[in-house]
>>> print(open('input-v7.txt').read())   # compact mmCIF, C-alpha atoms and all ligand atoms
# COMPACT_ATOMS: atom_id res chain seq x y z
CA MET A 46 -40.61 131.16 -35.18
CA GLY A 47 -39.95 127.63 -36.31
CA GLU A 48 -42.01 124.54 -35.67
CA VAL A 49 -39.94 123.81 -32.58
CA ILE A 50 -38.26 126.13 -30.08
CA THR A 51 -35.57 125.14 -27.62
CA ILE A 52 -35.52 126.97 -24.31
CA THR A 53 -32.19 126.74 -22.50
CA PRO A 54 -31.95 127.15 -18.74
CA THR A 55 -31.00 130.50 -17.26
CA THR A 56 -29.23 131.47 -14.05
CA GLY A 57 -31.58 134.37 -13.37
CA LEU A 58 -34.15 136.79 -14.77
CA VAL A 59 -33.58 140.47 -14.11
CA GLY A 60 -35.27 143.57 -15.49
CA THR A 61 -38.50 145.35 -16.17
CA VAL A 62 -41.39 143.92 -18.19
CA HIS A 63 -44.13 146.09 -19.66
CA ILE A 64 -47.06 143.70 -19.50
CA PRO A 65 -49.10 143.55 -22.74
CA GLY A 66 -52.74 144.61 -22.69
CA ASP A 67 -55.40 142.47 -21.07
CA LYS A 68 -56.97 140.05 -23.52
CA SER A 69 -60.43 140.00 -21.92
CA ILE A 70 -60.64 143.79 -21.72
CA SER A 71 -59.27 144.25 -25.26
CA HIS A 72 -62.10 142.11 -26.70
CA ARG A 73 -64.74 143.99 -24.76
CA SER A 74 -63.37 147.40 -25.76
CA VAL A 75 -63.83 146.66 -29.47
CA MET A 76 -67.29 145.15 -29.09
CA LEU A 77 -68.70 148.01 -27.02
CA ALA A 78 -66.95 150.73 -29.01
CA GLY A 79 -68.53 149.19 -32.12
CA LEU A 80 -71.98 149.85 -30.64
CA ALA A 81 -71.32 153.46 -29.67
CA ASP A 82 -71.93 156.37 -32.02
CA SER A 83 -68.78 158.39 -31.42
CA GLN A 84 -65.07 157.59 -31.84
CA VAL A 85 -63.15 155.78 -29.14
CA LYS A 86 -59.35 155.63 -28.90
CA VAL A 87 -58.01 152.44 -27.32
CA THR A 88 -54.42 152.41 -26.03
CA ASN A 89 -52.38 149.40 -24.89
CA PHE A 90 -54.72 147.15 -26.89
CA LEU A 91 -53.47 143.56 -27.04
CA HIS A 92 -52.30 143.01 -30.61
CA ALA A 93 -52.56 139.24 -30.45
CA ALA A 94 -54.43 136.77 -32.64
CA ASP A 95 -57.47 136.36 -30.36
CA CYS A 96 -58.21 140.09 -30.13
CA TRP A 97 -57.70 140.47 -33.87
CA SER A 98 -60.37 137.83 -34.37
CA THR A 99 -62.77 140.15 -32.54
CA ILE A 100 -61.64 143.16 -34.60
CA ASN A 101 -62.20 141.24 -37.83
CA CYS A 102 -65.69 140.12 -36.78
CA MET A 103 -66.68 143.67 -35.81
CA ARG A 104 -65.22 145.03 -39.07
CA ALA A 105 -67.31 142.52 -41.00
CA MET A 106 -70.37 144.17 -39.44
CA GLY A 107 -69.34 147.64 -40.57
CA VAL A 108 -67.31 148.89 -37.61
CA THR A 109 -64.24 150.91 -38.61
CA VAL A 110 -61.08 150.07 -36.69
CA GLU A 111 -57.85 151.94 -37.48
CA GLN A 112 -54.44 151.47 -35.95
CA ASP A 113 -51.69 154.12 -35.53
CA GLU A 114 -47.90 153.51 -35.49
CA GLU A 115 -47.94 153.05 -31.71
CA GLY A 116 -50.64 150.38 -31.97
CA ALA A 117 -53.43 152.55 -30.57
CA LEU A 118 -56.82 151.83 -32.13
CA THR A 119 -59.40 154.34 -33.23
CA ILE A 120 -62.81 152.70 -33.39
CA ALA A 121 -65.77 154.36 -35.04
CA GLY A 122 -68.88 152.58 -33.83
CA ARG A 123 -72.07 152.15 -35.85
CA GLY A 124 -74.44 153.03 -33.04
CA PHE A 125 -76.52 150.74 -30.86
CA TYR A 126 -78.72 149.54 -33.75
CA GLY A 127 -76.17 150.15 -36.51
CA LEU A 128 -74.33 146.85 -37.03
CA ARG A 129 -74.96 145.41 -40.47
CA GLU A 130 -75.43 141.83 -41.59
CA PRO A 131 -72.01 140.27 -42.34
CA ASP A 132 -71.60 139.02 -45.93
CA ASP A 133 -69.77 135.90 -44.86
CA VAL A 134 -69.19 133.53 -41.96
CA LEU A 135 -67.55 135.24 -38.96
CA ASP A 136 -64.33 133.50 -37.88
CA ALA A 137 -63.48 133.64 -34.17
CA GLY A 138 -60.25 131.67 -34.76
CA ASN A 139 -59.04 130.17 -31.47
CA SER A 140 -60.93 132.67 -29.32
CA GLY A 141 -63.58 131.44 -26.90
CA THR A 142 -64.22 135.00 -25.73
CA THR A 143 -64.89 136.20 -29.29
CA ILE A 144 -67.36 133.45 -30.16
CA ARG A 145 -69.22 133.31 -26.84
CA LEU A 146 -69.59 137.05 -26.36
CA LEU A 147 -70.67 137.46 -29.97
CA THR A 148 -73.42 134.85 -29.57
CA GLY A 149 -75.09 137.26 -27.14
CA LEU A 150 -74.47 140.37 -29.19
CA LEU A 151 -75.45 138.81 -32.53
CA GLY A 152 -78.34 136.82 -31.11
CA ALA A 153 -80.03 140.12 -30.28
CA GLN A 154 -79.56 141.65 -33.76
CA SER A 155 -82.20 141.70 -36.45
CA PHE A 156 -79.96 140.03 -39.04
CA PHE A 157 -78.62 136.57 -39.81
CA SER A 158 -75.04 135.55 -39.02
CA VAL A 159 -72.85 132.46 -38.72
CA LEU A 160 -69.99 132.09 -36.26
CA THR A 161 -67.20 129.55 -36.45
CA GLY A 162 -63.61 129.03 -35.32
CA ASP A 163 -60.57 126.80 -35.58
CA ALA A 164 -60.50 123.04 -34.84
CA SER A 165 -60.02 123.66 -31.10
CA LEU A 166 -62.84 126.21 -30.83
CA ARG A 167 -65.20 123.94 -32.75
CA LYS A 168 -64.75 121.34 -30.00
CA ARG A 169 -65.55 123.73 -27.14
CA PRO A 170 -68.98 123.74 -25.47
CA MET A 171 -71.48 126.27 -26.80
CA ALA A 172 -74.68 124.94 -25.17
CA ARG A 173 -73.73 126.95 -22.08
CA VAL A 174 -74.44 130.17 -24.01
CA ILE A 175 -77.20 128.87 -26.28
CA THR A 176 -79.32 127.64 -23.33
CA PRO A 177 -79.73 131.02 -21.58
CA LEU A 178 -79.92 132.95 -24.87
CA THR A 179 -82.75 130.66 -26.00
CA LYS A 180 -84.59 131.47 -22.76
CA MET A 181 -84.27 135.13 -23.79
CA GLY A 182 -86.20 134.35 -26.98
CA LEU A 183 -83.15 134.19 -29.28
CA THR A 184 -82.61 131.51 -31.92
CA LEU A 185 -79.15 130.02 -32.30
CA MET A 186 -78.32 126.61 -33.73
CA GLY A 187 -75.14 124.62 -33.94
CA ARG A 188 -73.69 121.23 -34.74
CA GLU A 189 -74.61 118.17 -32.66
CA GLN A 190 -77.86 119.47 -31.14
CA SER A 191 -76.43 122.97 -30.83
CA ARG A 192 -73.50 121.89 -28.70
CA TYR A 193 -70.74 123.04 -31.05
CA ALA A 194 -69.82 125.72 -33.62
CA PRO A 195 -70.37 126.58 -36.40
CA LEU A 196 -73.37 128.44 -35.00
CA ALA A 197 -76.17 129.86 -37.12
CA ILE A 198 -77.87 132.89 -35.58
CA ILE A 199 -81.39 133.73 -36.75
CA PRO A 200 -82.59 137.38 -36.71
CA ALA A 201 -84.11 138.27 -33.33
CA LYS A 202 -87.79 139.25 -33.15
CA GLN A 203 -87.89 140.16 -29.49
CA VAL A 204 -85.36 139.89 -26.68
CA THR A 205 -86.77 139.09 -23.25
CA GLY A 206 -84.97 139.68 -19.95
CA ILE A 207 -84.42 136.57 -17.82
CA GLU A 208 -83.53 135.52 -14.31
CA TYR A 209 -80.75 133.01 -14.74
CA ASP A 210 -78.77 130.91 -12.25
CA MET A 211 -75.54 130.08 -14.02
CA PRO A 212 -74.54 126.42 -13.57
CA VAL A 213 -70.82 127.26 -14.09
CA ALA A 214 -68.85 130.34 -13.07
CA SER A 215 -68.00 131.67 -16.53
CA ALA A 216 -67.40 135.28 -17.48
CA GLN A 217 -67.92 134.38 -21.12
CA VAL A 218 -71.41 133.02 -20.46
CA LYS A 219 -72.26 135.91 -18.14
CA SER A 220 -71.06 138.41 -20.73
CA ALA A 221 -73.00 136.79 -23.59
CA ILE A 222 -76.19 137.11 -21.53
CA LEU A 223 -75.36 140.69 -20.52
CA LEU A 224 -74.75 141.74 -24.14
CA ALA A 225 -78.10 140.29 -25.24
CA ALA A 226 -79.76 141.82 -22.16
CA LEU A 227 -78.81 145.32 -23.36
CA TYR A 228 -81.43 144.84 -26.12
CA ALA A 229 -84.13 143.19 -23.97
CA ASP A 230 -87.63 144.45 -23.19
CA SER A 231 -87.21 143.82 -19.44
CA PRO A 232 -84.38 143.60 -16.87
CA THR A 233 -82.09 140.59 -16.61
CA ILE A 234 -80.81 139.13 -13.35
CA ILE A 235 -77.88 136.69 -13.44
CA THR A 236 -76.68 134.73 -10.41
CA GLU A 237 -73.17 133.29 -10.40
CA PRO A 238 -72.10 130.23 -8.38
CA LEU A 239 -68.75 131.97 -7.74
CA PRO A 240 -67.67 135.43 -8.92
CA SER A 241 -66.06 135.37 -12.38
CA ARG A 242 -64.12 138.25 -13.94
CA ASP A 243 -66.26 141.39 -14.06
CA HIS A 244 -64.66 143.32 -16.95
CA THR A 245 -67.92 143.40 -18.91
CA GLU A 246 -69.79 144.96 -16.00
CA ARG A 247 -67.04 147.57 -15.49
CA MET A 248 -66.88 148.40 -19.18
CA PHE A 249 -70.67 148.68 -19.40
CA GLU A 250 -70.41 151.38 -16.73
CA THR A 251 -67.68 153.10 -18.75
CA PHE A 252 -70.19 153.21 -21.63
CA GLY A 253 -72.94 154.65 -19.43
CA VAL A 254 -74.82 151.41 -18.70
CA PRO A 255 -75.46 150.93 -14.98
CA VAL A 256 -75.03 147.40 -13.62
CA THR A 257 -76.10 146.55 -10.07
CA ARG A 258 -74.43 143.81 -8.09
CA THR A 259 -76.21 142.43 -5.00
CA GLY A 260 -74.46 139.45 -3.43
CA ALA A 261 -74.01 136.85 -6.17
CA SER A 262 -76.55 138.53 -8.50
CA ILE A 263 -76.10 141.09 -11.26
CA THR A 264 -79.02 143.14 -12.57
CA LEU A 265 -79.01 144.91 -15.92
CA GLU A 266 -81.70 147.25 -17.23
CA PRO A 267 -81.97 147.36 -21.02
CA VAL A 268 -80.77 150.54 -22.77
CA GLN A 269 -81.31 152.42 -26.05
CA LYS A 270 -77.74 153.59 -26.61
CA LEU A 271 -74.18 153.41 -25.34
CA THR A 272 -72.21 156.55 -24.54
CA ALA A 273 -68.57 156.07 -25.45
CA PRO A 274 -65.62 157.49 -23.51
CA GLU A 275 -63.00 159.27 -25.65
CA LEU A 276 -60.23 157.00 -24.42
CA ILE A 277 -59.88 153.49 -23.04
CA ASN A 278 -56.43 152.57 -21.71
CA ILE A 279 -56.25 148.78 -21.37
CA PRO A 280 -54.42 147.52 -18.25
CA GLY A 281 -51.69 144.88 -18.64
CA ASP A 282 -52.91 141.28 -18.48
CA ILE A 283 -52.23 139.59 -15.13
CA SER A 284 -52.59 136.25 -16.94
CA SER A 285 -49.53 137.19 -19.04
CA ALA A 286 -47.73 138.62 -15.99
CA ALA A 287 -48.33 135.23 -14.30
CA PHE A 288 -45.56 133.56 -16.34
CA TRP A 289 -43.01 136.09 -15.06
CA LEU A 290 -44.38 135.94 -11.51
CA VAL A 291 -43.75 132.20 -11.44
CA ALA A 292 -40.48 132.28 -13.43
CA ALA A 293 -38.88 134.92 -11.18
CA SER A 294 -40.08 133.08 -8.06
CA ILE A 295 -38.56 129.72 -9.01
CA ILE A 296 -35.35 130.79 -10.81
CA PRO A 297 -32.67 131.76 -8.27
CA ASN A 298 -31.09 135.24 -8.52
CA SER A 299 -34.13 136.76 -10.19
CA ARG A 300 -35.74 140.15 -9.64
CA LEU A 301 -38.36 141.51 -12.02
CA THR A 302 -40.54 144.59 -12.02
CA LEU A 303 -43.77 144.01 -13.91
CA VAL A 304 -45.20 147.33 -15.05
CA ASN A 305 -48.89 148.13 -15.52
CA VAL A 306 -50.55 144.93 -14.33
CA GLY A 307 -54.34 144.80 -13.99
CA ILE A 308 -55.18 143.89 -10.38
CA ASN A 309 -58.96 143.58 -10.67
CA PRO A 310 -59.84 141.44 -7.60
CA THR A 311 -61.70 138.92 -9.82
CA ARG A 312 -58.31 138.16 -11.46
CA THR A 313 -55.77 138.26 -8.62
CA GLY A 314 -56.05 134.66 -7.40
CA ILE A 315 -52.53 134.08 -8.74
CA LEU A 316 -51.13 136.74 -6.38
CA ASP A 317 -52.98 135.28 -3.38
CA VAL A 318 -51.83 131.74 -4.14
CA LEU A 319 -48.20 132.62 -4.86
CA LYS A 320 -48.01 134.72 -1.70
CA GLN A 321 -49.49 131.82 0.27
CA MET A 322 -46.80 129.59 -1.26
CA GLY A 323 -44.20 132.00 0.14
CA ALA A 324 -43.42 134.06 -2.96
CA ASP A 325 -41.59 137.38 -2.65
CA ILE A 326 -44.18 139.62 -4.31
CA THR A 327 -44.81 143.31 -3.63
CA VAL A 328 -47.61 145.27 -5.28
CA ILE A 329 -46.63 148.92 -5.69
CA ASN A 330 -47.94 152.08 -7.34
CA GLU A 331 -51.62 151.14 -7.22
CA ARG A 332 -53.68 153.34 -9.53
CA TRP A 333 -56.72 153.28 -11.84
CA SER A 334 -57.00 152.79 -15.55
CA GLY A 335 -60.59 153.88 -16.08
CA ARG A 336 -62.66 151.59 -13.84
CA GLU A 337 -59.95 148.91 -13.66
CA PRO A 338 -57.31 148.92 -10.88
CA VAL A 339 -53.66 148.54 -11.98
CA ALA A 340 -50.29 148.38 -10.24
CA ASP A 341 -46.64 147.52 -10.73
CA ILE A 342 -45.41 144.29 -9.17
CA SER A 343 -41.95 143.47 -7.89
CA VAL A 344 -41.11 139.78 -7.70
CA GLY A 345 -37.94 137.99 -6.64
CA SER A 346 -36.75 134.40 -6.12
CA SER A 347 -37.87 132.49 -3.07
CA GLN A 348 -38.36 128.92 -1.83
CA LEU A 349 -42.03 128.13 -2.39
CA LYS A 350 -44.06 125.64 -0.42
CA GLY A 351 -46.96 123.45 -1.59
CA ILE A 352 -50.56 124.35 -0.80
CA THR A 353 -54.14 123.32 -1.58
CA ILE A 354 -55.86 125.44 -4.21
CA GLY A 355 -59.59 124.96 -3.56
CA ALA A 356 -62.60 125.27 -5.84
CA GLU A 357 -63.70 128.69 -4.56
CA ILE A 358 -60.58 130.49 -5.85
CA ILE A 359 -60.48 128.74 -9.26
CA PRO A 360 -62.46 131.38 -11.24
CA ARG A 361 -59.98 134.02 -9.99
CA LEU A 362 -57.01 132.12 -11.48
CA ILE A 363 -58.64 129.92 -14.10
CA ASP A 364 -56.04 130.64 -16.81
CA GLU A 365 -53.05 130.44 -14.46
CA ILE A 366 -53.23 126.76 -13.47
CA PRO A 367 -50.72 125.47 -16.06
CA VAL A 368 -48.04 127.86 -14.80
CA LEU A 369 -49.05 127.32 -11.16
CA ALA A 370 -48.45 123.61 -11.75
CA VAL A 371 -44.88 124.55 -12.74
CA ALA A 372 -44.50 126.64 -9.56
CA ALA A 373 -45.70 123.63 -7.54
CA LEU A 374 -42.93 121.45 -9.00
CA PHE A 375 -40.38 123.77 -7.42
CA ALA A 376 -42.23 124.03 -4.07
CA GLU A 377 -41.53 122.01 -0.90
CA GLY A 378 -44.32 119.49 -0.37
CA GLN A 379 -47.56 118.63 -2.09
CA THR A 380 -49.79 121.00 -4.05
CA VAL A 381 -53.39 120.00 -4.72
CA VAL A 382 -55.66 121.73 -7.24
CA GLN A 383 -59.38 121.03 -6.75
CA GLY A 384 -62.60 122.06 -8.51
CA ALA A 385 -60.82 122.92 -11.75
CA GLU A 386 -62.80 120.67 -14.15
CA GLU A 387 -63.41 123.73 -16.38
CA LEU A 388 -59.78 123.34 -17.49
CA ARG A 389 -60.87 120.33 -19.51
CA VAL A 390 -62.81 122.58 -21.90
CA LYS A 391 -60.21 125.29 -22.52
CA GLU A 392 -58.07 125.61 -25.69
CA THR A 393 -57.05 122.03 -24.88
CA ASP A 394 -57.80 119.76 -21.90
CA ARG A 395 -55.28 121.54 -19.71
CA LEU A 396 -55.39 119.04 -16.81
CA LYS A 397 -54.46 116.27 -19.22
CA ALA A 398 -51.93 118.33 -21.19
CA VAL A 399 -50.14 119.64 -18.09
CA THR A 400 -49.87 116.14 -16.62
CA LEU A 401 -48.64 114.62 -19.88
CA GLU A 402 -46.13 117.30 -20.85
CA LEU A 403 -44.62 118.06 -17.44
CA GLY A 404 -44.57 114.29 -16.90
CA LYS A 405 -42.19 114.04 -19.90
CA MET A 406 -39.77 116.25 -17.93
CA GLY A 407 -39.97 113.83 -14.99
CA ALA A 408 -42.57 115.64 -12.90
CA ALA A 409 -44.53 113.69 -10.28
CA ILE A 410 -47.91 115.04 -11.22
CA THR A 411 -51.23 113.20 -11.17
CA GLU A 412 -54.43 114.17 -12.90
CA THR A 413 -57.67 113.88 -10.91
CA PRO A 414 -61.17 114.30 -12.38
CA ASP A 415 -61.25 117.95 -11.29
CA GLY A 416 -57.64 118.90 -10.68
CA LEU A 417 -54.05 117.94 -10.09
CA VAL A 418 -51.82 116.56 -7.35
CA ILE A 419 -48.21 117.71 -7.65
CA GLU A 420 -45.27 116.55 -5.56
CA GLY A 421 -42.44 119.00 -5.10
CA PRO A 422 -39.64 119.83 -5.22
CA GLN A 423 -38.73 117.97 -8.37
CA GLN A 424 -35.60 117.44 -10.37
CA LEU A 425 -36.81 118.07 -13.94
CA ASN A 426 -34.96 116.84 -17.01
CA PHE A 427 -34.70 118.22 -20.52
CA ALA A 428 -37.52 116.81 -22.66
CA ALA A 429 -39.18 117.27 -26.03
CA CYS A 430 -42.68 118.54 -25.25
CA TYR A 431 -45.74 119.65 -27.21
CA SER A 432 -47.77 122.83 -26.72
CA HIS A 433 -51.03 121.11 -27.74
CA HIS A 434 -51.38 124.28 -29.77
CA ASP A 435 -52.36 126.03 -26.54
CA HIS A 436 -50.66 129.36 -25.82
CA ARG A 437 -50.70 128.99 -22.04
CA MET A 438 -49.30 125.45 -22.26
CA ALA A 439 -46.43 126.68 -24.45
CA MET A 440 -45.53 129.45 -21.99
CA ALA A 441 -45.88 127.23 -18.91
CA LEU A 442 -43.54 124.66 -20.51
CA ALA A 443 -41.08 127.42 -21.35
CA VAL A 444 -41.05 128.56 -17.70
CA ALA A 445 -40.41 124.97 -16.56
CA GLY A 446 -37.56 124.66 -19.06
CA MET A 447 -35.88 127.97 -18.21
CA ALA A 448 -35.96 127.05 -14.49
CA ALA A 449 -34.77 123.44 -14.95
CA GLN A 450 -32.68 121.76 -17.65
CA GLY A 451 -34.28 123.35 -20.69
CA VAL A 452 -37.12 122.15 -22.89
CA GLU A 453 -37.97 121.72 -26.53
CA ILE A 454 -41.49 122.87 -27.39
CA ALA A 455 -43.23 121.77 -30.58
CA GLU A 456 -45.72 124.27 -32.05
CA PRO A 457 -44.60 127.23 -29.93
CA ASP A 458 -46.06 129.86 -32.27
CA CYS A 459 -49.43 129.56 -30.51
CA VAL A 460 -48.08 132.16 -28.04
CA LYS A 461 -49.32 134.65 -30.67
CA ILE A 462 -52.82 134.05 -29.26
CA SER A 463 -52.13 136.12 -26.13
CA TYR A 464 -48.42 137.08 -25.85
CA PRO A 465 -46.67 137.32 -29.24
CA ASP A 466 -43.41 138.72 -27.74
CA PHE A 467 -43.11 136.17 -24.95
CA PHE A 468 -39.94 134.44 -26.19
CA ALA A 469 -38.29 137.74 -27.14
CA VAL A 470 -39.02 139.16 -23.67
CA PHE A 471 -37.43 136.06 -22.13
CA SER A 472 -34.25 136.61 -24.18
CA GLY A 473 -34.05 140.18 -22.89
CA LEU A 474 -34.39 139.19 -19.22
CA ARG A 475 -32.10 136.17 -18.98
CA GLN A 476 -28.78 136.76 -17.22
CA ASP A 477 -26.51 134.08 -18.77
C1 LIG A 501 -62.56 134.96 -20.32
C2 LIG A 501 -63.15 134.14 -19.40
C3 LIG A 501 -62.59 132.84 -18.98
C4 LIG A 501 -61.12 132.71 -19.34
C5 LIG A 501 -60.84 133.17 -20.74
C6 LIG A 501 -61.27 134.63 -20.93
C7 LIG A 501 -63.24 136.21 -20.70
O1 LIG A 501 -63.30 131.81 -19.63
O2 LIG A 501 -60.69 131.39 -19.19
O3 LIG A 501 -59.46 133.05 -21.02
O4 LIG A 501 -62.61 137.06 -21.37
O5 LIG A 501 -64.41 136.38 -20.33
P1 LIG A 501 -64.67 131.22 -19.02
O6 LIG A 501 -65.65 132.30 -18.98
O7 LIG A 501 -65.08 130.12 -19.95
O8 LIG A 501 -64.31 130.70 -17.67
>>> encode(input="input-v7.txt", output="structure tokens", more="lines below")
Ligand code: S3P
Amino acid sequence: MGEVITITPTTGLVGTVHIPGDKSISHRSVMLAGLADSQVKVTNFLHAADCWSTINCMRAMGVTVEQDEEGALTIAGRGFYGLREPDDVLDAGNSGTTIRLLTGLLGAQSFFSVLTGDASLRKRPMARVITPLTKMGLTLMGREQSRYAPLAIIPAKQVTGIEYDMPVASAQVKSAILLAALYADSPTIITEPLPSRDHTERMFETFGVPVTRTGASITLEPVQKLTAPELINIPGDISSAAFWLVAASIIPNSRLTLVNVGINPTRTGILDVLKQMGADITVINERWSGREPVADISVGSSQLKGITIGAEIIPRLIDEIPVLAVAALFAEGQTVVQGAEELRVKETDRLKAVTLELGKMGAAITETPDGLVIEGPQQLNFAACYSHHDHRMAMALAVAGMAAQGVEIAEPDCVKISYPDFFAVFSGLRQD
């Protein structure tokens, strides 16, 4: 892929898309398998840059990860106390999930380690994990009063369970605490302001660790070992499916079947919102992939209408707001996004980036401190836009371009972070 890609408009998207593996679940599968003492096979793993950052970090601590021709992984864990001190700095690349989850896992180990990442990751807030982990008796330090990576992690002496009220709904923070809590000398109770994705809790259960949920609180008892399943089949990522859900909704004459989409209720805010906007979406073939629910989804073109997306649903669609902003530009009336200030600390400030880049195409979109106000429907023009080196920005801009007058996207290769085949899949679905 070059430094710039030009997306030309299409008259329709038709076909079947096999949705690539879920990024969140892929990370967790490698981390937990690395702590087990038998082999785990992982199928439909997301072979994208973020998940490879996790593989490389776990390999640096002695975990063996092999890949067959079909892309399935075989992971030979080192046992619950078997990770070894990495020789060098661990590089989480662009991946917030890798660095934040590893703070919890590494904080509880009896060896020294250092975690860093790319320029974007080194600007993202780390105090949110360091604060609760410090309460657990762990010692982590970072730049600027421990607000940013690189992070130095001192060998743990003792890990203490805590009761913690999370100030933000964040699955990464929750998971960092839960990973450290596995090694604690007493139970940990975490309370969330709003439910965030629960893949860690579900995967803990898959590895024989019971997690109890009572209302907004999660309780974890420490363990001495993890019991690995023989096979983990990763569901498709609804956050990747989201681009096709929106594209097929707003491009006339479209009909797509999205195969193997994870429909964990902590992730399906995008389905609820698009349906409320009037989208033609049918969920079929519901089934289980381990402890995660999956389904196929049929989506066709329809006239959307604007709605208000309130704070309480944000954690269930946190990564989908850039593409939902595109949907809103094609909807009748105003769409308002509220309570989404967390978007300012993602791979880029997504509220700012969405407003700036879609604005270049002529969109009437206004940034508010915690969200967006979007007026639809809009006549969008061809424009030269920038991905901000953010995978979800690049794909959202591509969807806007394919549905309108085309778009040029600078630095499109960041799609490798979560959906390396995105542009190739688009070429296969377009009808012109
Ligand atoms: C993720 C949690 C979310 C999400 C990210 C993946 C995870 O981040 O935005 O893409 O795998 O736990 P926060 O926990 O910071 O909200």
>>> closest_residue(input="input-v7.txt", among="A:Gly355, A:Gly60, A:Gly404, A:Pro232", to="A:Gly416", atoms="only C-alpha atoms")
A:Gly355
>>> axis_aligned_box(input="input-v7.txt", around="ligand LIG 501 (chain A)", padding_each_side="6 Å", output="lines of an AutoDock Vina configuration file")
center_x = -62.6
center_y = 133.6
center_z = -19.5
size_x = 18.2
size_y = 18.9
size_z = 15.7
>>> residues_near_ligand(input="input-v7.txt", ligand="ligand LIG 501 (chain A)", cutoff="7 Å", atoms="all atoms listed in the file", output="ChimeraX atom specification")
/A:68-69,141-142,214-218,220,242,360,363-364,391
>>> closest_residue(input="input-v7.txt", among="A:Gly473, A:Pro65, A:Gly446, A:Gly57", to="A:Ala287", atoms="all atoms listed in the file")
A:Pro65
>>> closest_residue(input="input-v7.txt", among="A:Gln84, A:Ser472, A:Gln424, A:Thr99", to="A:Thr272", atoms="all atoms listed in the file")
A:Gln84
>>> residues_near_point(input="input-v7.txt", point="(-49.3, 121.5, -4.1)", cutoff="7 Å", atoms="all atoms listed in the file", output="VMD selection string")
chain A and resid 351 to 353 373 378 to 381 418 to 420
>>> atom_distance(input="input-v7.txt", atom1="atom CA of A:Asn305", atom2="atom CA of A:Ala94")
21.3 Å
>>> residues_around(input="input-v7.txt", residues="stretch 226-229 of chain A", least_positions_apart="6", cutoff="9 Å", atoms="all atoms listed in the file", output="PDB file with C-alpha atoms, in the frame of the given file")
ATOM      1  CA  GLY A 149     -75.090 137.260 -27.140  1.00  0.00           C
ATOM      2  CA  LEU A 150     -74.470 140.370 -29.190  1.00  0.00           C
ATOM      3  CA  ALA A 153     -80.030 140.120 -30.280  1.00  0.00           C
ATOM      4  CA  GLN A 154     -79.560 141.650 -33.760  1.00  0.00           C
ATOM      5  CA  MET A 181     -84.270 135.130 -23.790  1.00  0.00           C
ATOM      6  CA  GLN A 203     -87.890 140.160 -29.490  1.00  0.00           C
ATOM      7  CA  VAL A 204     -85.360 139.890 -26.680  1.00  0.00           C
ATOM      8  CA  THR A 205     -86.770 139.090 -23.250  1.00  0.00           C
ATOM      9  CA  GLY A 206     -84.970 139.680 -19.950  1.00  0.00           C
ATOM     10  CA  ILE A 207     -84.420 136.570 -17.820  1.00  0.00           C
ATOM     11  CA  VAL A 254     -74.820 151.410 -18.700  1.00  0.00           C
ATOM     12  CA  LEU A 265     -79.010 144.910 -15.920  1.00  0.00           C
ATOM     13  CA  GLU A 266     -81.700 147.250 -17.230  1.00  0.00           C
ATOM     14  CA  PRO A 267     -81.970 147.360 -21.020  1.00  0.00           C
ATOM     15  CA  VAL A 268     -80.770 150.540 -22.770  1.00  0.00           C
ATOM     16  CA  GLN A 269     -81.310 152.420 -26.050  1.00  0.00           C
ATOM     17  CA  LYS A 270     -77.740 153.590 -26.610  1.00  0.00           C
TER      18      LYS A 270
END
>>> atom_distance(input="input-v7.txt", atom1="atom CA of A:Met438", atom2="atom CA of A:Ile70")
21.6 Å
>>> atom_distance(input="input-v7.txt", atom1="atom CA of A:Arg475", atom2="atom CA of A:Leu58")
4.7 Å
>>> closest_residue(input="input-v7.txt", among="A:Gln383, A:Thr61, A:Thr251, A:Ser284", to="A:Ala81", atoms="all atoms listed in the file")
A:Thr251
>>> residues_around(input="input-v7.txt", residues="stretch 336-347 of chain A", least_positions_apart="4", cutoff="7 Å", atoms="only C-alpha atoms", output="short mmCIF file (atom, residue, chain, number, x, y, z; two decimals) with C-alpha atoms, keeping the file's coordinate frame")
data_model
loop_
_atom_site.label_atom_id
_atom_site.label_comp_id
_atom_site.auth_asym_id
_atom_site.auth_seq_id
_atom_site.Cartn_x
_atom_site.Cartn_y
_atom_site.Cartn_z
CA ARG A 247 -67.04 147.57 -15.49
CA PRO A 280 -54.42 147.52 -18.25
CA LEU A 290 -44.38 135.94 -11.51
CA ALA A 293 -38.88 134.92 -11.18
CA SER A 294 -40.08 133.08 -8.06
CA ILE A 295 -38.56 129.72 -9.01
CA ILE A 296 -35.35 130.79 -10.81
CA PRO A 297 -32.67 131.76 -8.27
CA ASN A 298 -31.09 135.24 -8.52
CA SER A 299 -34.13 136.76 -10.19
CA ARG A 300 -35.74 140.15 -9.64
CA LEU A 301 -38.36 141.51 -12.02
CA THR A 302 -40.54 144.59 -12.02
CA LEU A 303 -43.77 144.01 -13.91
CA VAL A 304 -45.20 147.33 -15.05
CA ASN A 305 -48.89 148.13 -15.52
CA VAL A 306 -50.55 144.93 -14.33
CA GLY A 307 -54.34 144.80 -13.99
CA ILE A 308 -55.18 143.89 -10.38
CA ASN A 309 -58.96 143.58 -10.67
CA ALA A 324 -43.42 134.06 -2.96
CA ASP A 325 -41.59 137.38 -2.65
CA ILE A 326 -44.18 139.62 -4.31
CA THR A 327 -44.81 143.31 -3.63
CA VAL A 328 -47.61 145.27 -5.28
CA ILE A 329 -46.63 148.92 -5.69
CA ASN A 330 -47.94 152.08 -7.34
CA GLU A 331 -51.62 151.14 -7.22
CA ARG A 332 -53.68 153.34 -9.53
#
